[in-house]
Amino acid sequence: MTQTLDPITLEVLWNRLLSVVNEQQVTLMRTAFSTVVRESQDLACGVFDTRGYMIAQSLTGTPGHINAMATGVRHFLQAYPPETLQPGDVLITNDPWQTAGQINDMTVLTPVFKDARLIAYFASTCHAPDIGGHIFSGEAREVYEEGLRIPITKLFIRDEPNAELFKILRANVRTPNETIGDLYAQTSSNAVGARELLHFMDEFGLDSIDPLANEIITRSERAMRQAIRALPNGRYENESWSDGYDEPIQIKVTVTVEDEDLYIDFAGSSPQSSRGINVVLNYTHAYASFAIKAAVSPEIPHNEGAFRPVHVTAPPGCILNCLEPAAVASRHSIGHFLPGVIFGALAPAMPGKLIACGADPIWISVWQGKWPVSQETFTFSLFQCGGTGARATKDGLHTTGFPSGVAGVPAEILESLTPLIQHRRELRTDSGGPGMYRGGLGQWTEVSYRGEGSWGVSALVDRTRFPATGLEGGKSGAPGEFLVNNTIRPQPKAFIPLEPADRVQLNPAGGGG
């Protein structure tokens with residue numbers, strides 16, 4: 001077919017391309033071994049052109065994964081230029097400074113070949129249920145303590161698994177079947193995406209997707225710049241606070257609108273922490289750019305073009321641009337604050353259009369103990385959500401993962417896969433902040449253990465000290481609560497040993513009004 005794309009043809013091709021990436025995601029979710037991927041959907045899928053530019057993402061996926069992957073694919077191309085790759089090769093890394101900012105996040109990249117030419121890449125990022133090291137928490141002081149760090153390398157070589165790498169993985173993780181099973185699921189889903197892309201190209205007579213990518217990216221950039229130009233030029237500031245680890249963390253932002261470009265700077269934020277709550281710049285860029293797109297142009301396709309007018313900076317060595325070997329396992333407990341603090345900064349420029357702060361960081365609790373009869377060790381990651389902030393014309397959403405997009409795990413799944421019992425799971429009455437529109441409600445949950453020995457939990461929770469603030473006169477929501485036997489624990493981001501009869505209450509925060 002001709003390389004000149006008229007609007008109707010472009011729309012048809014774009015929607016077909018989206019269907020290809022969505023099929024990639026469906027395959028990933030249906031073949032994944034861990035509940036983190038198949039239930040909580042802590043994942044991202046995307047297709048990239050030969051330059052490593054993201055063309056399209058799947059229907060769902062966390063901004064921290066998809067947007068960090070959008071910048072991270074270029075690190076893969078630097079490590080393995082096209083001439084070093086062959087059909088059947090699959091690459092992997094979990095290096096926090098090259099992809100999604102956390103040792104547990106595994107990015108798998110598959111090159112696609114057509115007639116012996118490399119024509120595209122499919123990639124996915126998933127949160128592994130375990131990657132060894134210290135149990136997933138904020139306790140570590142260096143990234144080396146947090147688990148196995150895999151540089152960009154080949155997971156498969158000409159369709160054959162890298163046996164030595166798989167041996168190392170199996171020997172170093174607490175959940176080898178789930179962790180390795182998810183890697184196979186990522187590889188398989190990338191292969192499905194590649195297969196469907198080749199069918200799509202054959203159907204429409206395409207020898208390359210780069211011309212289509214150029215058109216999509218160019219139009220997206222043009223639309224994004226037009227949306228930014230609609231904002232009044234100016235400098236807008238805001239700040240927010242996280243519970244932190246040893247002490248509270250300040251997040252300070254300055255958003256500057258200059259015609260069709262927008263600059264986000266986090267100068268003035270707290271210095272990087274000695275504990276595992278630090279954020280790499282990739283992840284900071286991911287959630288900051290997501291915030292702008294969600295605020296000014298939610299309908300524009302999400303790809304390389306949508307990123308180009310948004311410029312994100314943070315001083316090296318601050319909490320949002322940490323330097324190696326900083327510990328980063330709980331980076332989401334800071335990074336998930338960014339959309340809310342940016343919305344607060346932009347509120348004067350967009351009155352009546354933005355949402356108030358919500359519970360923000362998703363609550364991740366990692367449970368460990370032994371099965372009552374077999375005495376085999378279990379490790380399970382539970383995701384929980386608080387309420388979103390009130391919307392401009394509606395109440396906030398209850399127990400919804402914003403900005404992460406991650407879902408909770410049903411009680412039936414928790415109780416069937418672990419010796420844990422969820423005694424209570426209900427909406428937290430009146431936890432949403434008052435206002436013309438109420439903030440979304442958090443939840444009450446209570447968990448116990450049906451084993452006889454010791455067990456424990458690492459609870460990465462936040463907003464227990466600083467509740468979600470309201471917007472345009474709305475009031476704050478209720479703060480979160482983490483309790484053991486009805487007693488508040490002051491430092492939940494560390495692993496807490498528990499007695500058999502203990503009961504743990506996790507009550508994520510409500511959103512601002």
# chains A, B, ... in the order shown; residues from 1 in each chain; ligands from 1
$ residues_around --residues "Ala227 of chain A" --least-positions-apart "6" --cutoff "9 Å" --atoms "only C-alpha atoms" --output "PyMOL selection string"
chain A and resi 260+296-297
$ closest_atom_pairs --of "segment 308-413 of chain A" --to "segment 132-144 of chain A" --cutoff "9 Å" --atoms "only C-alpha atoms" --output "CSV"
residue,atom,partner,partner_atom,distance
A:Glu324,CA,A:Val143,CA,7.8
A:Pro325,CA,A:Glu142,CA,5.5
A:Ala326,CA,A:Glu142,CA,5.0
A:Ala327,CA,A:Val143,CA,4.2
A:Val328,CA,A:Val143,CA,6.5
A:Ala329,CA,A:Gly138,CA,6.2
A:Ser330,CA,A:Gly138,CA,5.4
A:Arg331,CA,A:Gly138,CA,8.6
A:Ser365,CA,A:Ser137,CA,8.6
A:Val366,CA,A:Phe136,CA,6.8
A:Gln368,CA,A:Ile135,CA,9.0
$ select_by_dssp --residues "segment 223-400 of chain A" --states "alpha helix (DSSP H)" --output "ChimeraX atom specification"
/A:223-229,281-296,304-307,332-335,338-346
$ residues_around --residues "Phe380 of chain A" --least-positions-apart "6" --cutoff "12 Å" --atoms "only C-alpha atoms" --output "ChimeraX atom specification"
/A:34-36,128-130,135-136,174-175,178-179,364-370,409,413-420,455-459
$ residues_around --residues "segment 238-247 of chain A" --least-positions-apart "6" --cutoff "6 Å" --atoms "only C-alpha atoms" --output "number ranges by chain"
A: 253, 345, 462, 465
$ select_by_dssp --residues "segment 128-217 of chain A" --states "strand (DSSP E)" --output "PyMOL selection string"
chain A and resi 153-157+160-161
$ residues_around --residues "Ala390 of chain A" --least-positions-apart "4" --cutoff "6 Å" --atoms "only C-alpha atoms" --output "PyMOL selection string"
chain A and resi 355-356+395-396+437-439+513
$ write_last_selection --atoms "N, CA and C atoms" --output "PDB file, in the first residue's frame"
ATOM      1  N   ILE A 355      -9.248  16.727  39.641  1.00  0.00           N
ATOM      2  CA  ILE A 355      -9.724  16.000  40.814  1.00  0.00           C
ATOM      3  C   ILE A 355      -8.860  16.336  42.024  1.00  0.00           C
ATOM      4  N   ALA A 356      -9.448  16.171  43.189  1.00  0.00           N
ATOM      5  CA  ALA A 356      -8.711  16.388  44.436  1.00  0.00           C
ATOM      6  C   ALA A 356      -7.741  15.236  44.674  1.00  0.00           C
ATOM      7  N   ASP A 395     -18.726  12.660  42.799  1.00  0.00           N
ATOM      8  CA  ASP A 395     -17.980  12.155  43.945  1.00  0.00           C
ATOM      9  C   ASP A 395     -16.764  11.361  43.472  1.00  0.00           C
ATOM     10  N   GLY A 396     -15.810  11.192  44.378  1.00  0.00           N
ATOM     11  CA  GLY A 396     -14.673  10.336  44.072  1.00  0.00           C
ATOM     12  C   GLY A 396     -15.076   8.873  44.022  1.00  0.00           C
ATOM     13  N   TYR A 437     -18.695  17.748  46.255  1.00  0.00           N
ATOM     14  CA  TYR A 437     -18.596  16.346  45.860  1.00  0.00           C
ATOM     15  C   TYR A 437     -17.644  15.657  46.831  1.00  0.00           C
ATOM     16  N   ARG A 438     -18.072  14.534  47.351  1.00  0.00           N
ATOM     17  CA  ARG A 438     -17.330  13.829  48.392  1.00  0.00           C
ATOM     18  C   ARG A 438     -16.160  13.043  47.803  1.00  0.00           C
ATOM     19  N   GLY A 439     -15.082  12.949  48.565  1.00  0.00           N
ATOM     20  CA  GLY A 439     -13.992  12.070  48.168  1.00  0.00           C
ATOM     21  C   GLY A 439     -14.409  10.611  48.228  1.00  0.00           C
ATOM     22  N   GLY A 513     -12.189  15.941  49.359  1.00  0.00           N
ATOM     23  CA  GLY A 513     -13.435  16.421  48.772  1.00  0.00           C
ATOM     24  C   GLY A 513     -13.223  17.589  47.838  1.00  0.00           C
TER      25      GLY A 513
END
$ residues_around --residues "Ser289 of chain A" --least-positions-apart "3" --cutoff "7 Å" --atoms "only C-alpha atoms" --output "PyMOL selection string"
chain A and resi 285-286+292-293+307+310
$ write_last_selection --atoms "C-alpha atoms" --output "compact mmCIF listing (two decimals), in the first residue's frame"
# COMPACT_ATOMS: atom_id res chain seq x y z
CA HIS A 285 8.96 11.11 34.51
CA ALA A 286 6.42 8.32 34.08
CA ILE A 292 -0.25 16.11 32.37
CA LYS A 293 -1.81 13.86 29.78
CA PHE A 307 5.59 12.79 25.84
CA VAL A 310 6.39 17.54 28.58
$ closest_atom_pairs --of "segment 196-225 of chain A" --to "segment 18-23 of chain A" --cutoff "10 Å" --atoms "only C-alpha atoms" --output "JSON lines"
{"residue": "A:Glu196", "atom": "CA", "partner": "A:Val20", "partner_atom": "CA", "distance": 5.9}
{"residue": "A:Leu197", "atom": "CA", "partner": "A:Val20", "partner_atom": "CA", "distance": 6.4}
{"residue": "A:Leu198", "atom": "CA", "partner": "A:Val20", "partner_atom": "CA", "distance": 10.0}
{"residue": "A:His199", "atom": "CA", "partner": "A:Val20", "partner_atom": "CA", "distance": 9.7}
{"residue": "A:Phe200", "atom": "CA", "partner": "A:Val20", "partner_atom": "CA", "distance": 8.3}
$ closest_residue --among "A:Val373, A:Leu212, A:Ile217, A:Met224" --to "Val12 of chain A" --atoms "only C-alpha atoms"
A:Leu212
$ residues_around --residues "segment 496-510 of chain A" --least-positions-apart "2" --cutoff "6 Å" --atoms "only C-alpha atoms" --output "MDAnalysis selection string"
chainID A and resid 359 386:387 431:432 440:448 452:457 477:485
$ closest_residue --among "A:Pro403, A:Pro161, A:Pro232, A:Pro271" --to "Met350 of chain A" --atoms "only C-alpha atoms"
A:Pro232
$ atom_distance --atom1 "atom CA of Glu160 of chain A" --atom2 "atom CA of Val26 of chain A"
24.0 Å
$ atom_distance --atom1 "atom CA of Ala291 of chain A" --atom2 "atom CA of Leu354 of chain A"
10.5 Å
$ closest_residue --among "A:Gly451, A:Leu91, A:Asp159, A:Met436" --to "Thr377 of chain A" --atoms "only C-alpha atoms"
A:Gly451
$ atom_distance --atom1 "atom CA of Val257 of chain A" --atom2 "atom CA of Gln57 of chain A"
26.8 Å
$ closest_residue --among "A:Thr400, A:Arg275, A:Leu471, A:Ala116" --to "Ala494 of chain A" --atoms "only C-alpha atoms"
A:Arg275
$ closest_residue --among "A:Leu427, A:Leu43, A:Ile119, A:Leu397" --to "Ile66 of chain A" --atoms "only C-alpha atoms"
A:Leu43
$ closest_residue --among "A:Asp202, A:Glu376, A:Asp95, A:Glu472" --to "Gly352 of chain A" --atoms "only C-alpha atoms"
A:Glu472
$ decode --residues "segment 49-177 of chain A" --atoms "C-alpha atoms" --output "PDB file, in the first residue's frame"
ATOM      1  CA  ASP A  49       9.031   1.025  16.283  1.00  0.00           C
ATOM      2  CA  THR A  50      12.588   0.298  15.149  1.00  0.00           C
ATOM      3  CA  ARG A  51      13.869   3.414  16.947  1.00  0.00           C
ATOM      4  CA  GLY A  52      12.420   2.263  20.262  1.00  0.00           C
ATOM      5  CA  TYR A  53       9.597   4.832  20.189  1.00  0.00           C
ATOM      6  CA  MET A  54       6.375   3.653  21.789  1.00  0.00           C
ATOM      7  CA  ILE A  55       3.549   3.603  19.246  1.00  0.00           C
ATOM      8  CA  ALA A  56       0.720   2.173  21.324  1.00  0.00           C
ATOM      9  CA  GLN A  57      -0.012   0.672  24.733  1.00  0.00           C
ATOM     10  CA  SER A  58      -2.615  -1.832  25.848  1.00  0.00           C
ATOM     11  CA  LEU A  59      -5.983  -0.834  27.261  1.00  0.00           C
ATOM     12  CA  THR A  60      -4.887  -1.083  30.883  1.00  0.00           C
ATOM     13  CA  GLY A  61      -1.542  -0.933  32.611  1.00  0.00           C
ATOM     14  CA  THR A  62       0.114   1.113  35.303  1.00  0.00           C
ATOM     15  CA  PRO A  63       1.534   4.488  34.217  1.00  0.00           C
ATOM     16  CA  GLY A  64       4.680   3.715  36.182  1.00  0.00           C
ATOM     17  CA  HIS A  65       5.287   0.659  34.031  1.00  0.00           C
ATOM     18  CA  ILE A  66       4.107   1.792  30.613  1.00  0.00           C
ATOM     19  CA  ASN A  67       5.678   5.248  30.720  1.00  0.00           C
ATOM     20  CA  ALA A  68       8.942   4.025  32.235  1.00  0.00           C
ATOM     21  CA  MET A  69       8.999   1.284  29.611  1.00  0.00           C
ATOM     22  CA  ALA A  70       8.532   3.946  26.938  1.00  0.00           C
ATOM     23  CA  THR A  71      11.836   5.527  27.935  1.00  0.00           C
ATOM     24  CA  GLY A  72      13.502   2.278  29.004  1.00  0.00           C
ATOM     25  CA  VAL A  73      13.314   0.488  25.654  1.00  0.00           C
ATOM     26  CA  ARG A  74      16.072   2.760  24.375  1.00  0.00           C
ATOM     27  CA  HIS A  75      18.422   1.282  26.981  1.00  0.00           C
ATOM     28  CA  PHE A  76      17.740  -2.137  25.460  1.00  0.00           C
ATOM     29  CA  LEU A  77      18.585  -0.840  21.990  1.00  0.00           C
ATOM     30  CA  GLN A  78      21.839   0.661  23.243  1.00  0.00           C
ATOM     31  CA  ALA A  79      22.833  -2.624  24.878  1.00  0.00           C
ATOM     32  CA  TYR A  80      21.701  -4.754  21.927  1.00  0.00           C
ATOM     33  CA  PRO A  81      21.639  -2.858  18.606  1.00  0.00           C
ATOM     34  CA  PRO A  82      19.491  -4.445  15.859  1.00  0.00           C
ATOM     35  CA  GLU A  83      22.455  -6.144  14.193  1.00  0.00           C
ATOM     36  CA  THR A  84      23.117  -8.149  17.389  1.00  0.00           C
ATOM     37  CA  LEU A  85      19.601  -9.636  17.502  1.00  0.00           C
ATOM     38  CA  GLN A  86      18.121 -12.623  15.702  1.00  0.00           C
ATOM     39  CA  PRO A  87      14.645 -14.149  15.415  1.00  0.00           C
ATOM     40  CA  GLY A  88      13.806 -15.929  18.661  1.00  0.00           C
ATOM     41  CA  ASP A  89      15.885 -13.638  20.866  1.00  0.00           C
ATOM     42  CA  VAL A  90      14.174 -12.178  23.944  1.00  0.00           C
ATOM     43  CA  LEU A  91      15.758  -9.593  26.251  1.00  0.00           C
ATOM     44  CA  ILE A  92      15.184  -8.922  29.945  1.00  0.00           C
ATOM     45  CA  THR A  93      16.165  -6.520  32.709  1.00  0.00           C
ATOM     46  CA  ASN A  94      14.914  -5.348  36.072  1.00  0.00           C
ATOM     47  CA  ASP A  95      17.544  -2.634  36.533  1.00  0.00           C
ATOM     48  CA  PRO A  96      15.672   0.146  38.373  1.00  0.00           C
ATOM     49  CA  TRP A  97      17.615   2.946  36.676  1.00  0.00           C
ATOM     50  CA  GLN A  98      16.889   1.634  33.189  1.00  0.00           C
ATOM     51  CA  THR A  99      13.214   0.725  33.390  1.00  0.00           C
ATOM     52  CA  ALA A 100      10.473   0.873  36.041  1.00  0.00           C
ATOM     53  CA  GLY A 101      12.484   1.891  39.076  1.00  0.00           C
ATOM     54  CA  GLN A 102      12.188  -1.239  41.205  1.00  0.00           C
ATOM     55  CA  ILE A 103      13.962  -4.606  41.401  1.00  0.00           C
ATOM     56  CA  ASN A 104      10.640  -6.499  41.349  1.00  0.00           C
ATOM     57  CA  ASP A 105       9.592  -5.018  38.010  1.00  0.00           C
ATOM     58  CA  MET A 106      10.713  -7.261  35.153  1.00  0.00           C
ATOM     59  CA  THR A 107      10.755  -5.859  31.619  1.00  0.00           C
ATOM     60  CA  VAL A 108      10.832  -8.351  28.747  1.00  0.00           C
ATOM     61  CA  LEU A 109      11.495  -7.137  25.183  1.00  0.00           C
ATOM     62  CA  THR A 110      10.999  -9.162  21.994  1.00  0.00           C
ATOM     63  CA  PRO A 111      12.266  -8.009  18.579  1.00  0.00           C
ATOM     64  CA  VAL A 112       9.960  -8.729  15.639  1.00  0.00           C
ATOM     65  CA  PHE A 113      11.369  -9.801  12.278  1.00  0.00           C
ATOM     66  CA  LYS A 114       9.771  -9.801   8.826  1.00  0.00           C
ATOM     67  CA  ASP A 115      11.700 -11.222   5.884  1.00  0.00           C
ATOM     68  CA  ALA A 116      14.854 -11.244   8.043  1.00  0.00           C
ATOM     69  CA  ARG A 117      14.455  -7.522   8.827  1.00  0.00           C
ATOM     70  CA  LEU A 118      13.849  -6.200  12.335  1.00  0.00           C
ATOM     71  CA  ILE A 119      10.630  -4.211  12.062  1.00  0.00           C
ATOM     72  CA  ALA A 120       9.354  -3.618  15.615  1.00  0.00           C
ATOM     73  CA  TYR A 121       9.547  -4.565  19.291  1.00  0.00           C
ATOM     74  CA  PHE A 122       6.969  -5.789  21.778  1.00  0.00           C
ATOM     75  CA  ALA A 123       7.591  -5.251  25.469  1.00  0.00           C
ATOM     76  CA  SER A 124       5.890  -5.907  28.766  1.00  0.00           C
ATOM     77  CA  THR A 125       6.670  -5.020  32.359  1.00  0.00           C
ATOM     78  CA  CYS A 126       5.273  -6.987  35.301  1.00  0.00           C
ATOM     79  CA  HIS A 127       5.758  -6.883  39.050  1.00  0.00           C
ATOM     80  CA  ALA A 128       7.361 -10.172  40.067  1.00  0.00           C
ATOM     81  CA  PRO A 129       5.904 -11.710  43.250  1.00  0.00           C
ATOM     82  CA  ASP A 130       9.458 -12.141  44.562  1.00  0.00           C
ATOM     83  CA  ILE A 131      12.986 -11.451  43.344  1.00  0.00           C
ATOM     84  CA  GLY A 132      14.983 -12.596  46.366  1.00  0.00           C
ATOM     85  CA  GLY A 133      16.906 -10.422  48.804  1.00  0.00           C
ATOM     86  CA  HIS A 134      15.131  -8.832  51.737  1.00  0.00           C
ATOM     87  CA  ILE A 135      11.397  -9.401  51.667  1.00  0.00           C
ATOM     88  CA  PHE A 136       9.657  -6.628  49.714  1.00  0.00           C
ATOM     89  CA  SER A 137       9.629  -3.638  52.076  1.00  0.00           C
ATOM     90  CA  GLY A 138      11.109  -0.194  52.625  1.00  0.00           C
ATOM     91  CA  GLU A 139      13.789  -1.379  55.051  1.00  0.00           C
ATOM     92  CA  ALA A 140      16.808  -1.765  52.767  1.00  0.00           C
ATOM     93  CA  ARG A 141      19.586   0.806  52.784  1.00  0.00           C
ATOM     94  CA  GLU A 142      21.039  -0.141  49.394  1.00  0.00           C
ATOM     95  CA  VAL A 143      19.577  -1.629  46.239  1.00  0.00           C
ATOM     96  CA  TYR A 144      21.869  -4.649  46.636  1.00  0.00           C
ATOM     97  CA  GLU A 145      19.783  -5.788  49.620  1.00  0.00           C
ATOM     98  CA  GLU A 146      16.532  -5.733  47.665  1.00  0.00           C
ATOM     99  CA  GLY A 147      17.055  -8.739  45.419  1.00  0.00           C
ATOM    100  CA  LEU A 148      18.593 -10.088  42.255  1.00  0.00           C
ATOM    101  CA  ARG A 149      19.478  -7.307  39.807  1.00  0.00           C
ATOM    102  CA  ILE A 150      19.529  -8.447  36.183  1.00  0.00           C
ATOM    103  CA  PRO A 151      21.380  -6.290  33.648  1.00  0.00           C
ATOM    104  CA  ILE A 152      19.995  -6.162  30.119  1.00  0.00           C
ATOM    105  CA  THR A 153      20.665  -9.645  28.798  1.00  0.00           C
ATOM    106  CA  LYS A 154      19.083 -12.396  26.715  1.00  0.00           C
ATOM    107  CA  LEU A 155      16.328 -14.418  28.370  1.00  0.00           C
ATOM    108  CA  PHE A 156      15.910 -16.528  25.230  1.00  0.00           C
ATOM    109  CA  ILE A 157      18.463 -17.075  22.469  1.00  0.00           C
ATOM    110  CA  ARG A 158      17.008 -18.168  19.111  1.00  0.00           C
ATOM    111  CA  ASP A 159      13.917 -19.529  20.883  1.00  0.00           C
ATOM    112  CA  GLU A 160      15.985 -21.458  23.441  1.00  0.00           C
ATOM    113  CA  PRO A 161      15.796 -20.419  27.111  1.00  0.00           C
ATOM    114  CA  ASN A 162      18.972 -19.036  28.645  1.00  0.00           C
ATOM    115  CA  ALA A 163      19.305 -22.019  30.967  1.00  0.00           C
ATOM    116  CA  GLU A 164      22.010 -20.532  33.176  1.00  0.00           C
ATOM    117  CA  LEU A 165      19.960 -17.388  33.824  1.00  0.00           C
ATOM    118  CA  PHE A 166      16.884 -19.437  34.702  1.00  0.00           C
ATOM    119  CA  LYS A 167      18.988 -21.505  37.129  1.00  0.00           C
ATOM    120  CA  ILE A 168      20.142 -18.327  38.858  1.00  0.00           C
ATOM    121  CA  LEU A 169      16.580 -17.019  39.070  1.00  0.00           C
ATOM    122  CA  ARG A 170      15.178 -20.262  40.467  1.00  0.00           C
ATOM    123  CA  ALA A 171      17.876 -20.423  43.130  1.00  0.00           C
ATOM    124  CA  ASN A 172      17.370 -16.847  44.330  1.00  0.00           C
ATOM    125  CA  VAL A 173      13.620 -16.270  44.639  1.00  0.00           C
ATOM    126  CA  ARG A 174      11.083 -17.438  47.223  1.00  0.00           C
ATOM    127  CA  THR A 175       8.389 -18.056  44.609  1.00  0.00           C
ATOM    128  CA  PRO A 176      10.265 -19.685  41.706  1.00  0.00           C
ATOM    129  CA  ASN A 177       7.210 -21.162  39.997  1.00  0.00           C
TER     130      ASN A 177
END
